Amino acid sequence: MVSVSELYKSYGAIEAVRGVSFDVGRGEVFGLLGPNGAGKTTILETIEGMLPIEQGRVTVDGIDVAREPERVRRLIGISLQKTTFFERLTLAELLRLFADLYETSVRVDRLLERVGLADQASRQVKTLSEGQQQRFAIAVALVNDPPLLFLDEPTTGLDPQARRSLWDLVQFLRLEGRSVVLTTHYMEEAQQLCDRVAILDSGRILALETPNRLIDELLATGFHKDIVVQAADLEDVFLHMTGKQLRTQP
Amino acid sequence: MKATLRAYQSLTTANLKMYLRNPIASFSLFGALIVLLVIYKLVFDGPGPHTKVLVVNSSSIPQAATLIKDLRSVSTFDVSEVSSTTAGTMLRQGKADVEVLIPTDFLGQNSSGSRLPSQLQVTYRSSPAGQASVPVIRGAVENFDESVLHQVPLVSMVATSVNTRSSSPIDALLPGIVTFNIIGSALMLAAGTFANYKSTGVMRRVKGTGISPSVFVLSHATASAVIGFLQTAVILIVASALFAIHLDLVSLFLLLALGYLVFLALSLAIGGWVKDPQRATGIAQGVAFPMIFVALLASSLPPGIADLTKFLPVSYITDGMQHLGDGGALASVEADIAWLLVWATVLLIGAGRVFRWD
């Protein structure tokens, strides 16, 4: 679905991406992991066609992003790291607006139901909780029914319940057969969601494998953890007490 | 083309909804100006400016009363009979414009019964109203002279106004009010909002849909223009309902609507280029207000610079309003409207070119 080959990107003297190559298959959830400044968002936005390609080649479904960015944009859904929408429009109005911008039609009620916001259609984005706003951003990304979704740090700043409900949503998208490329700081999130992950640092890929294979490779080196892993942690306690179910109200 | 039109219509409608759902930001200046018009009507609107004339009548003959009656018949004179002391005090305090002293020996007779020449003492404030009253008083005195002496002068003069329209202060105030509104609205609605979309990431998300910058800019311009035109029309309608306006309102609307487009396009160009909303508003004001200042002072500038200021868009607005204020109709402002159209088109195209999504 996505092919990135020898991608380079600089901001002045700073080399943000240095020779990155990877592929994302159909129906695969692919994670870009790394600390701040590793180049995750730059890679994502280059594939999306939001940033110009300086060196290297990127294709989406066989279409060259540098040559036909408009065609590529019709195939992808985007949830940016920091997304705000037009103020004073309701969720339903925003979805219809984006449908018009994508030259498509949308079943607002059905789309909101998919992201757990069925009864919020007449509310404005600013009145939603952060978790609901992130789910709405994914609803907007789904307006054009894209086979490929880009989610840039979708769970950053969310409480555990909202994060778990977003995980459920991503897994649901995979079940629908969509490819998802996401960036995250949270390793447990990547382990839970991603079929494969690329670990980035300073614009380079350090490792590219399935999470389990990466763990096995680490253990094969003789890696040993002194801390006894508990059967549950505080997050589990929190979720058990407050409920793991999707919260639709802030 | 069909898809572009759909995106344009949808974005324009969305922008209009946002403006209408945010009345404080969109209509506060407009509302304040409407209130200003109403206050002006309630407080200041009357029969027009009057000259306060004080008459000190030291004569006891009936002809003196006739002269005072003649002075009272001047429609713009507000005549009061006072003592000499009061007249002097009021004049010094600026509570009156002119004092007319009728002397004790007014129209006195000599031993043979012939009238002796009399002289009225007229003291006036060095204000426009005081100065303007002197020839009017002189005319009244000459008429009185003729009626008393029963002599028709050999040479007389009849003055007739070629312009029968009567202008009032509101005719000068109204274009100023509407111009203030269009400049303020265009700068506030466009530049700040546009840059705000950019800084909050709204534009990046819209960019992700693949629509062209021109469609985005044009839809925003259309929505802002609709709001601006409506505000202009409402101000003109309210002013017409409250006052007797002697301006060609249709021509004034056309002139101001195009003026609005010019400032809107300027503001969009700045908002589309600058990222920070506060900086965008500051730059928009920094460009617009000096331009207005220079255009208004064009006649006081050195000839070379004054010639250049004629090509500023504001100059076409002020020039057009001057023509309309002088009683002109659409034909008198056609050139100004044409030049404003050129400016608006050039600036709108420029706004599309310099636009940056982020």
# chains A, B, ... in the order shown; residues from 1 in each chain; ligands from 1

call {"tool": "closest_atom_pairs", "arguments": {"of": "chain B", "to": "chain A", "cutoff": "9 Å", "atoms": "only C-alpha atoms", "output": "Markdown table"}}
result
| residue | atom | partner | partner_atom | distance |
| --- | --- | --- | --- | --- |
| B:Ala3 | CA | A:Glu103 | CA | 6.0 |
| B:Thr4 | CA | A:Leu101 | CA | 8.2 |
| B:Arg6 | CA | A:Asp100 | CA | 6.3 |
| B:Ala7 | CA | A:Leu101 | CA | 4.9 |
| B:Tyr8 | CA | A:Leu101 | CA | 8.4 |
| B:Gln9 | CA | A:Asp100 | CA | 9.0 |
| B:Ser10 | CA | A:Leu97 | CA | 6.0 |
| B:Leu11 | CA | A:Leu97 | CA | 6.9 |
| B:Ala14 | CA | A:Leu89 | CA | 7.5 |
| B:Asn15 | CA | A:Phe86 | CA | 8.7 |
| B:Lys17 | CA | A:Leu89 | CA | 7.5 |
| B:Met18 | CA | A:Arg88 | CA | 5.6 |
| B:Tyr19 | CA | A:Arg88 | CA | 8.8 |
| B:Arg21 | CA | A:Arg88 | CA | 6.6 |
| B:Asn22 | CA | A:Arg88 | CA | 7.8 |
| B:Tyr197 | CA | A:Phe86 | CA | 7.7 |
| B:Thr200 | CA | A:Thr84 | CA | 6.2 |
| B:Gly201 | CA | A:Thr83 | CA | 5.8 |
| B:Val202 | CA | A:Phe85 | CA | 5.3 |
| B:Met203 | CA | A:Phe85 | CA | 8.7 |
| B:Arg204 | CA | A:Met50 | CA | 8.0 |
| B:Arg205 | CA | A:Thr83 | CA | 7.1 |
| B:Val206 | CA | A:Phe98 | CA | 8.1 |
| B:Lys207 | CA | A:Met50 | CA | 7.6 |
| B:Gly208 | CA | A:Arg73 | CA | 6.7 |
| B:Thr209 | CA | A:Tyr102 | CA | 5.9 |
| B:Gly210 | CA | A:Glu70 | CA | 5.6 |
| B:Ile211 | CA | A:Leu101 | CA | 6.6 |

call {"tool": "residues_around", "arguments": {"residues": "range 317-328 of chain B", "least_positions_apart": "6", "cutoff": "12 Å", "atoms": "only C-alpha atoms", "output": "PyMOL selection string"}}
result
chain B and resi 162-176+178-180+182-183+245-263+291-299+309-311+334-341+343

call {"tool": "write_last_selection", "arguments": {"atoms": "C-alpha atoms", "output": "PDB file, in the first residue's frame"}}
result
ATOM      1  CA  VAL B 162     -27.371  76.504  -8.949  1.00  0.00           C
ATOM      2  CA  ASN B 163     -27.507  73.447  -6.726  1.00  0.00           C
ATOM      3  CA  THR B 164     -30.963  73.071  -5.322  1.00  0.00           C
ATOM      4  CA  ARG B 165     -30.149  70.092  -3.107  1.00  0.00           C
ATOM      5  CA  SER B 166     -29.706  71.024   0.515  1.00  0.00           C
ATOM      6  CA  SER B 167     -26.948  69.089   2.219  1.00  0.00           C
ATOM      7  CA  SER B 168     -26.925  68.428   5.927  1.00  0.00           C
ATOM      8  CA  PRO B 169     -24.198  67.270   8.327  1.00  0.00           C
ATOM      9  CA  ILE B 170     -25.397  63.659   8.000  1.00  0.00           C
ATOM     10  CA  ASP B 171     -24.476  63.770   4.288  1.00  0.00           C
ATOM     11  CA  ALA B 172     -20.878  64.295   5.354  1.00  0.00           C
ATOM     12  CA  LEU B 173     -21.050  61.957   8.345  1.00  0.00           C
ATOM     13  CA  LEU B 174     -22.672  58.948   6.663  1.00  0.00           C
ATOM     14  CA  PRO B 175     -19.926  58.108   4.132  1.00  0.00           C
ATOM     15  CA  GLY B 176     -17.388  58.368   6.950  1.00  0.00           C
ATOM     16  CA  VAL B 178     -19.778  53.395   6.389  1.00  0.00           C
ATOM     17  CA  THR B 179     -16.125  53.683   5.345  1.00  0.00           C
ATOM     18  CA  PHE B 180     -15.042  53.145   8.934  1.00  0.00           C
ATOM     19  CA  ILE B 182     -15.951  48.519   5.837  1.00  0.00           C
ATOM     20  CA  ILE B 183     -12.304  49.068   6.730  1.00  0.00           C
ATOM     21  CA  ILE B 245     -30.194  61.888   2.978  1.00  0.00           C
ATOM     22  CA  HIS B 246     -29.240  63.877  -0.096  1.00  0.00           C
ATOM     23  CA  LEU B 247     -26.721  61.401  -1.470  1.00  0.00           C
ATOM     24  CA  ASP B 248     -27.146  58.948  -4.332  1.00  0.00           C
ATOM     25  CA  LEU B 249     -27.313  55.880  -2.109  1.00  0.00           C
ATOM     26  CA  VAL B 250     -27.021  53.297  -4.900  1.00  0.00           C
ATOM     27  CA  SER B 251     -23.804  54.891  -6.166  1.00  0.00           C
ATOM     28  CA  LEU B 252     -22.540  55.233  -2.612  1.00  0.00           C
ATOM     29  CA  PHE B 253     -23.257  51.544  -1.980  1.00  0.00           C
ATOM     30  CA  LEU B 254     -21.414  50.495  -5.158  1.00  0.00           C
ATOM     31  CA  LEU B 255     -18.437  52.655  -4.295  1.00  0.00           C
ATOM     32  CA  LEU B 256     -18.239  51.380  -0.729  1.00  0.00           C
ATOM     33  CA  ALA B 257     -18.867  47.742  -1.658  1.00  0.00           C
ATOM     34  CA  LEU B 258     -15.894  47.853  -4.002  1.00  0.00           C
ATOM     35  CA  GLY B 259     -13.895  49.672  -1.369  1.00  0.00           C
ATOM     36  CA  TYR B 260     -14.753  46.833   1.004  1.00  0.00           C
ATOM     37  CA  LEU B 261     -13.540  44.286  -1.548  1.00  0.00           C
ATOM     38  CA  VAL B 262     -10.226  46.114  -1.887  1.00  0.00           C
ATOM     39  CA  PHE B 263      -9.572  46.110   1.856  1.00  0.00           C
ATOM     40  CA  MET B 291      -2.771  54.597   3.260  1.00  0.00           C
ATOM     41  CA  ILE B 292      -5.973  56.257   4.502  1.00  0.00           C
ATOM     42  CA  PHE B 293      -3.965  58.997   6.209  1.00  0.00           C
ATOM     43  CA  VAL B 294      -1.919  59.754   3.086  1.00  0.00           C
ATOM     44  CA  ALA B 295      -5.011  59.747   0.850  1.00  0.00           C
ATOM     45  CA  LEU B 296      -6.836  62.181   3.120  1.00  0.00           C
ATOM     46  CA  LEU B 297      -3.833  64.533   3.243  1.00  0.00           C
ATOM     47  CA  ALA B 298      -3.074  64.314  -0.475  1.00  0.00           C
ATOM     48  CA  SER B 299      -3.805  68.007  -1.083  1.00  0.00           C
ATOM     49  CA  THR B 309      -1.350  59.019  -3.850  1.00  0.00           C
ATOM     50  CA  LYS B 310      -4.058  59.434  -6.488  1.00  0.00           C
ATOM     51  CA  PHE B 311      -3.478  55.810  -7.464  1.00  0.00           C
ATOM     52  CA  GLU B 334     -17.799  55.587 -12.732  1.00  0.00           C
ATOM     53  CA  ALA B 335     -14.047  56.077 -13.055  1.00  0.00           C
ATOM     54  CA  ASP B 336     -13.517  55.616  -9.315  1.00  0.00           C
ATOM     55  CA  ILE B 337     -15.615  52.432  -9.346  1.00  0.00           C
ATOM     56  CA  ALA B 338     -13.689  51.082 -12.340  1.00  0.00           C
ATOM     57  CA  TRP B 339     -10.332  51.695 -10.663  1.00  0.00           C
ATOM     58  CA  LEU B 340     -11.525  50.116  -7.422  1.00  0.00           C
ATOM     59  CA  LEU B 341     -12.629  47.074  -9.409  1.00  0.00           C
ATOM     60  CA  TRP B 343      -7.543  47.125  -7.467  1.00  0.00           C
TER      61      TRP B 343
END

call {"tool": "select_by_dssp", "arguments": {"residues": "range 70-109 of chain B", "states": "strand (DSSP E)", "output": "VMD selection string"}}
result
chain B and resid 77 to 81 98 to 102

call {"tool": "closest_residue", "arguments": {"among": "A:Val115, A:Ile14, A:Val197, A:Val60", "to": "Phe172 in chain A", "atoms": "only C-alpha atoms"}}
result
A:Val115

call {"tool": "atom_distance", "arguments": {"atom1": "CA of Ser126 in chain B", "atom2": "CA of Phe106 in chain B"}}
result
26.4 Å

call {"tool": "residues_around", "arguments": {"residues": "range 82-94 of chain B", "least_positions_apart": "4", "cutoff": "8 Å", "atoms": "only C-alpha atoms", "output": "list of chain:residue names"}}
result
B:Leu54, B:Val55, B:Val56, B:Asn57, B:Val98, B:Glu99, B:Leu101, B:Tyr124, B:Arg125

call {"tool": "write_last_selection", "arguments": {"atoms": "N, CA, C and O atoms", "output": "compact mmCIF listing (two decimals), in the first residue's frame"}}
result
# COMPACT_ATOMS: atom_id res chain seq x y z
N LEU B 54 -27.33 88.50 18.78
CA LEU B 54 -27.81 89.30 19.91
C LEU B 54 -28.06 90.73 19.43
O LEU B 54 -27.18 91.33 18.79
N VAL B 55 -29.22 91.25 19.71
CA VAL B 55 -29.53 92.63 19.31
C VAL B 55 -29.64 93.49 20.57
O VAL B 55 -30.39 93.14 21.49
N VAL B 56 -28.85 94.56 20.57
CA VAL B 56 -28.95 95.54 21.67
C VAL B 56 -29.66 96.76 21.09
O VAL B 56 -29.08 97.49 20.28
N ASN B 57 -30.92 96.89 21.46
CA ASN B 57 -31.73 97.96 20.86
C ASN B 57 -31.77 99.17 21.80
O ASN B 57 -32.49 99.20 22.80
N VAL B 98 -22.76 86.80 17.06
CA VAL B 98 -22.68 88.18 16.58
C VAL B 98 -23.58 89.09 17.44
O VAL B 98 -24.63 88.65 17.92
N GLU B 99 -23.12 90.34 17.60
CA GLU B 99 -23.91 91.35 18.34
C GLU B 99 -24.21 92.49 17.39
O GLU B 99 -23.31 93.00 16.72
N LEU B 101 -25.68 96.27 17.47
CA LEU B 101 -26.08 97.37 18.35
C LEU B 101 -26.82 98.44 17.53
O LEU B 101 -26.28 99.01 16.59
N TYR B 124 -18.63 90.62 15.73
CA TYR B 124 -18.83 89.18 15.52
C TYR B 124 -17.62 88.39 15.98
O TYR B 124 -16.50 88.90 16.03
N ARG B 125 -17.88 87.15 16.33
CA ARG B 125 -16.80 86.24 16.70
C ARG B 125 -16.06 85.83 15.45
O ARG B 125 -16.66 85.71 14.38

call {"tool": "atom_distance", "arguments": {"atom1": "CA of Val74 in chain B", "atom2": "CA of Leu120 in chain B"}}
result
17.6 Å

call {"tool": "residues_around", "arguments": {"residues": "range 32-45 of chain B", "least_positions_apart": "6", "cutoff": "7 Å", "atoms": "only C-alpha atoms", "output": "PyMOL selection string"}}
result
chain B and resi 177+235+239+242

call {"tool": "write_last_selection", "arguments": {"atoms": "N, CA and C atoms", "output": "PDB file, in the first residue's frame"}}
result
ATOM      1  N   ILE B 177     -18.958  57.085   8.275  1.00  0.00           N
ATOM      2  CA  ILE B 177     -19.369  55.966   9.130  1.00  0.00           C
ATOM      3  C   ILE B 177     -19.265  54.645   8.373  1.00  0.00           C
ATOM      4  N   ILE B 235     -26.673  49.871   7.099  1.00  0.00           N
ATOM      5  CA  ILE B 235     -26.338  51.213   7.602  1.00  0.00           C
ATOM      6  C   ILE B 235     -26.990  52.292   6.724  1.00  0.00           C
ATOM      7  N   ALA B 239     -29.859  54.818   7.948  1.00  0.00           N
ATOM      8  CA  ALA B 239     -29.601  56.255   7.826  1.00  0.00           C
ATOM      9  C   ALA B 239     -30.706  56.932   7.011  1.00  0.00           C
ATOM     10  N   LEU B 242     -33.787  57.344   9.136  1.00  0.00           N
ATOM     11  CA  LEU B 242     -33.672  58.318  10.226  1.00  0.00           C
ATOM     12  C   LEU B 242     -33.512  59.756   9.741  1.00  0.00           C
TER      13      LEU B 242
END

call {"tool": "select_by_dssp", "arguments": {"residues": "range 122-247 of chain A", "states": "helix (DSSP H, G or I)", "output": "VMD selection string"}}
result
chain A and resid 125 to 127 130 to 141 160 to 175 187 to 193 211 to 220 234 to 242

call {"tool": "closest_residue", "arguments": {"among": "A:Ala139, A:Leu32, A:Val4, A:Leu148", "to": "Thr210 in chain A", "atoms": "only C-alpha atoms"}}
result
A:Leu32

call {"tool": "closest_residue", "arguments": {"among": "B:Ser185, B:Asn196, B:Glu142, B:Ala190", "to": "Phe30 in chain B", "atoms": "only C-alpha atoms"}}
result
B:Ser185

call {"tool": "residues_around", "arguments": {"residues": "Met1 in chain A", "least_positions_apart": "3", "cutoff": "12 Å", "atoms": "only C-alpha atoms", "output": "short mmCIF file (atom, residue, chain, number, x, y, z; two decimals) with all heavy atoms, in the first residue's frame"}}
result
data_model
loop_
_atom_site.label_atom_id
_atom_site.label_comp_id
_atom_site.auth_asym_id
_atom_site.auth_seq_id
_atom_site.Cartn_x
_atom_site.Cartn_y
_atom_site.Cartn_z
N VAL A 4 8.13 3.48 0.76
CA VAL A 4 9.03 4.62 0.99
C VAL A 4 10.45 4.14 0.71
O VAL A 4 10.89 3.13 1.27
CB VAL A 4 8.93 5.13 2.44
CG1 VAL A 4 9.90 6.29 2.68
CG2 VAL A 4 7.50 5.57 2.75
N PHE A 22 10.85 1.85 3.87
CA PHE A 22 9.98 0.81 4.43
C PHE A 22 8.75 0.65 3.55
O PHE A 22 8.46 1.50 2.71
CB PHE A 22 9.56 1.10 5.88
CG PHE A 22 8.75 2.36 6.06
CD1 PHE A 22 7.37 2.35 5.96
CD2 PHE A 22 9.38 3.58 6.34
CE1 PHE A 22 6.62 3.50 6.13
CE2 PHE A 22 8.63 4.74 6.50
CZ PHE A 22 7.26 4.70 6.40
N ASP A 23 8.04 -0.45 3.73
CA ASP A 23 6.79 -0.69 3.01
C ASP A 23 5.68 -0.96 4.03
O ASP A 23 5.94 -1.47 5.12
CB ASP A 23 6.91 -1.92 2.10
CG ASP A 23 7.92 -1.68 0.97
OD1 ASP A 23 7.85 -0.61 0.35
OD2 ASP A 23 8.78 -2.56 0.77
N VAL A 24 4.46 -0.63 3.66
CA VAL A 24 3.29 -0.94 4.49
C VAL A 24 2.33 -1.74 3.62
O VAL A 24 1.99 -1.31 2.52
CB VAL A 24 2.60 0.34 5.01
CG1 VAL A 24 1.38 -0.03 5.86
CG2 VAL A 24 3.57 1.20 5.80
N GLY A 25 1.94 -2.92 4.12
CA GLY A 25 1.06 -3.78 3.33
C GLY A 25 -0.41 -3.42 3.49
O GLY A 25 -0.78 -2.63 4.37
N ARG A 26 -1.24 -4.00 2.66
CA ARG A 26 -2.69 -3.77 2.77
C ARG A 26 -3.22 -4.40 4.05
O ARG A 26 -2.85 -5.53 4.38
CB ARG A 26 -3.41 -4.38 1.57
CG ARG A 26 -3.19 -3.60 0.31
CD ARG A 26 -3.97 -4.19 -0.86
NE ARG A 26 -3.52 -3.57 -2.10
CZ ARG A 26 -3.92 -2.38 -2.53
NH1 ARG A 26 -4.79 -1.69 -1.83
NH2 ARG A 26 -3.45 -1.89 -3.66
N GLY A 27 -4.06 -3.68 4.75
CA GLY A 27 -4.65 -4.19 5.99
C GLY A 27 -3.69 -4.25 7.15
O GLY A 27 -4.00 -4.81 8.19
N GLU A 28 -2.52 -3.65 6.99
CA GLU A 28 -1.51 -3.70 8.05
C GLU A 28 -1.57 -2.43 8.92
O GLU A 28 -1.82 -1.33 8.41
CB GLU A 28 -0.11 -3.79 7.43
CG GLU A 28 1.00 -3.89 8.47
CD GLU A 28 2.40 -3.99 7.84
OE1 GLU A 28 2.56 -3.61 6.66
OE2 GLU A 28 3.31 -4.43 8.53
N VAL A 29 -1.35 -2.60 10.23
CA VAL A 29 -1.18 -1.44 11.11
C VAL A 29 0.33 -1.31 11.35
O VAL A 29 0.96 -2.22 11.91
CB VAL A 29 -1.93 -1.60 12.44
CG1 VAL A 29 -1.66 -0.39 13.35
CG2 VAL A 29 -3.42 -1.73 12.19
N PHE A 30 0.87 -0.20 10.88
CA PHE A 30 2.31 0.02 10.91
C PHE A 30 2.62 1.16 11.86
O PHE A 30 2.03 2.25 11.76
CB PHE A 30 2.81 0.35 9.50
CG PHE A 30 4.30 0.45 9.38
CD1 PHE A 30 5.07 -0.68 9.14
CD2 PHE A 30 4.94 1.68 9.49
CE1 PHE A 30 6.46 -0.58 9.01
CE2 PHE A 30 6.31 1.79 9.38
CZ PHE A 30 7.08 0.65 9.14
N ILE A 47 4.68 11.41 3.28
CA ILE A 47 3.87 10.40 2.58
C ILE A 47 2.50 10.98 2.23
O ILE A 47 1.94 10.73 1.17
CB ILE A 47 3.69 9.13 3.45
CG1 ILE A 47 5.03 8.56 3.88
CG2 ILE A 47 2.91 8.06 2.66
CD1 ILE A 47 4.92 7.44 4.92
N VAL A 58 8.34 8.05 -2.83
CA VAL A 58 7.23 7.56 -2.01
C VAL A 58 6.06 7.25 -2.94
O VAL A 58 5.68 8.09 -3.76
CB VAL A 58 6.79 8.62 -0.96
CG1 VAL A 58 5.63 8.08 -0.13
CG2 VAL A 58 7.95 9.02 -0.06
N THR A 59 5.51 6.06 -2.81
CA THR A 59 4.30 5.75 -3.58
C THR A 59 3.21 5.26 -2.63
O THR A 59 3.49 4.65 -1.60
CB THR A 59 4.55 4.66 -4.64
OG1 THR A 59 4.94 3.45 -3.97
CG2 THR A 59 5.62 5.06 -5.64
N VAL A 60 1.99 5.57 -3.00
CA VAL A 60 0.81 5.08 -2.27
C VAL A 60 -0.07 4.36 -3.28
O VAL A 60 -0.50 4.97 -4.27
CB VAL A 60 0.04 6.23 -1.60
CG1 VAL A 60 -1.28 5.73 -1.03
CG2 VAL A 60 0.88 6.88 -0.52
N ASP A 61 -0.28 3.07 -3.05
CA ASP A 61 -1.05 2.25 -3.99
C ASP A 61 -0.48 2.36 -5.40
O ASP A 61 -1.23 2.43 -6.39
CB ASP A 61 -2.52 2.68 -3.96
CG ASP A 61 -3.45 1.55 -4.40
OD1 ASP A 61 -3.02 0.37 -4.36
OD2 ASP A 61 -4.58 1.85 -4.79
N GLY A 62 0.83 2.47 -5.49
CA GLY A 62 1.52 2.56 -6.78
C GLY A 62 1.58 3.95 -7.37
O GLY A 62 2.19 4.16 -8.43
N ILE A 63 0.96 4.93 -6.73
CA ILE A 63 0.95 6.30 -7.28
C ILE A 63 2.08 7.10 -6.64
O ILE A 63 2.22 7.12 -5.41
CB ILE A 63 -0.40 6.99 -6.99
CG1 ILE A 63 -1.55 6.19 -7.59
CG2 ILE A 63 -0.42 8.42 -7.53
CD1 ILE A 63 -2.92 6.56 -7.05
N ASP A 64 2.85 7.77 -7.47
CA ASP A 64 3.98 8.56 -6.98
C ASP A 64 3.46 9.83 -6.29
O ASP A 64 2.78 10.65 -6.91
CB ASP A 64 4.88 8.94 -8.18
CG ASP A 64 6.22 9.49 -7.72
OD1 ASP A 64 6.26 10.22 -6.72
OD2 ASP A 64 7.24 9.16 -8.37
N VAL A 72 -3.19 11.03 -4.66
CA VAL A 72 -2.87 10.30 -3.43
C VAL A 72 -3.79 10.76 -2.29
O VAL A 72 -4.27 9.94 -1.50
CB VAL A 72 -1.38 10.53 -3.05
CG1 VAL A 72 -1.09 10.02 -1.64
CG2 VAL A 72 -0.49 9.82 -4.06
N LEU A 75 -6.89 8.98 -1.67
CA LEU A 75 -6.80 7.60 -1.18
C LEU A 75 -6.49 7.53 0.32
O LEU A 75 -6.48 6.43 0.88
CB LEU A 75 -5.67 6.86 -1.93
CG LEU A 75 -5.87 6.60 -3.41
CD1 LEU A 75 -4.60 5.99 -3.99
CD2 LEU A 75 -7.04 5.66 -3.62
N ILE A 76 -6.20 8.66 0.89
CA ILE A 76 -5.74 8.60 2.28
C ILE A 76 -6.66 9.40 3.22
O ILE A 76 -7.34 10.33 2.80
CB ILE A 76 -4.29 9.13 2.43
CG1 ILE A 76 -4.21 10.61 2.04
CG2 ILE A 76 -3.34 8.30 1.59
CD1 ILE A 76 -2.84 11.23 2.29
N PRO A 146 -11.19 6.06 2.93
CA PRO A 146 -9.86 5.77 2.36
C PRO A 146 -9.36 4.37 2.75
O PRO A 146 -9.65 3.90 3.86
CB PRO A 146 -8.98 6.84 3.02
CG PRO A 146 -9.61 7.09 4.33
CD PRO A 146 -11.08 6.88 4.17
N PRO A 147 -8.61 3.73 1.88
CA PRO A 147 -8.03 2.43 2.23
C PRO A 147 -6.80 2.57 3.13
O PRO A 147 -6.33 1.58 3.70
CB PRO A 147 -7.62 1.85 0.87
CG PRO A 147 -7.42 3.03 -0.01
CD PRO A 147 -8.34 4.09 0.48
N LEU A 148 -6.28 3.81 3.27
CA LEU A 148 -5.07 4.04 4.06
C LEU A 148 -5.28 5.23 5.01
O LEU A 148 -5.72 6.30 4.57
CB LEU A 148 -3.90 4.35 3.11
CG LEU A 148 -2.59 4.80 3.73
CD1 LEU A 148 -1.98 3.72 4.64
CD2 LEU A 148 -1.58 5.17 2.63
N LEU A 149 -4.97 5.02 6.28
CA LEU A 149 -5.15 6.08 7.28
C LEU A 149 -3.82 6.43 7.94
O LEU A 149 -3.03 5.53 8.23
CB LEU A 149 -6.12 5.63 8.37
CG LEU A 149 -7.59 5.75 8.07
CD1 LEU A 149 -8.37 4.81 8.96
CD2 LEU A 149 -8.06 7.18 8.31
N GLY A 177 -10.21 -3.85 6.85
CA GLY A 177 -9.27 -4.04 5.76
C GLY A 177 -8.46 -2.82 5.41
O GLY A 177 -7.80 -2.77 4.36
N ARG A 178 -8.51 -1.79 6.26
CA ARG A 178 -7.74 -0.58 5.96
C ARG A 178 -6.32 -0.71 6.48
O ARG A 178 -6.08 -1.36 7.49
CB ARG A 178 -8.38 0.64 6.63
CG ARG A 178 -9.78 0.92 6.17
CD ARG A 178 -10.35 2.11 6.93
NE ARG A 178 -11.81 2.06 6.95
CZ ARG A 178 -12.57 2.52 5.98
NH1 ARG A 178 -12.02 3.07 4.91
NH2 ARG A 178 -13.88 2.42 6.06
N SER A 179 -5.40 -0.04 5.80
CA SER A 179 -4.02 0.06 6.30
C SER A 179 -3.96 1.29 7.20
O SER A 179 -4.60 2.31 6.92
CB SER A 179 -3.03 0.25 5.15
OG SER A 179 -3.19 -0.79 4.22
N VAL A 180 -3.20 1.18 8.28
CA VAL A 180 -3.06 2.31 9.20
C VAL A 180 -1.58 2.53 9.48
O VAL A 180 -0.86 1.58 9.80
CB VAL A 180 -3.80 2.04 10.54
CG1 VAL A 180 -3.59 3.22 11.51
CG2 VAL A 180 -5.28 1.80 10.31
N VAL A 181 -1.15 3.77 9.30
CA VAL A 181 0.21 4.14 9.71
C VAL A 181 0.06 5.10 10.88
O VAL A 181 -0.58 6.14 10.74
CB VAL A 181 0.99 4.82 8.56
CG1 VAL A 181 2.40 5.20 9.03
CG2 VAL A 181 1.06 3.92 7.34
#

call {"tool": "residues_around", "arguments": {"residues": "Glu189 in chain A", "least_positions_apart": "4", "cutoff": "12 Å", "atoms": "only C-alpha atoms", "output": "ChimeraX atom specification"}}
result
/A:29-33,153-156,160,163-168,170-171,182-185,193-195,197,211

call {"tool": "atom_distance", "arguments": {"atom1": "CA of Ile137 in chain B", "atom2": "CA of Gly113 in chain B"}}
result
27.6 Å

call {"tool": "closest_residue", "arguments": {"among": "B:Thr222, B:Ser75, B:Ser315, B:Ser118", "to": "Val136 in chain B", "atoms": "only C-alpha atoms"}}
result
B:Ser75
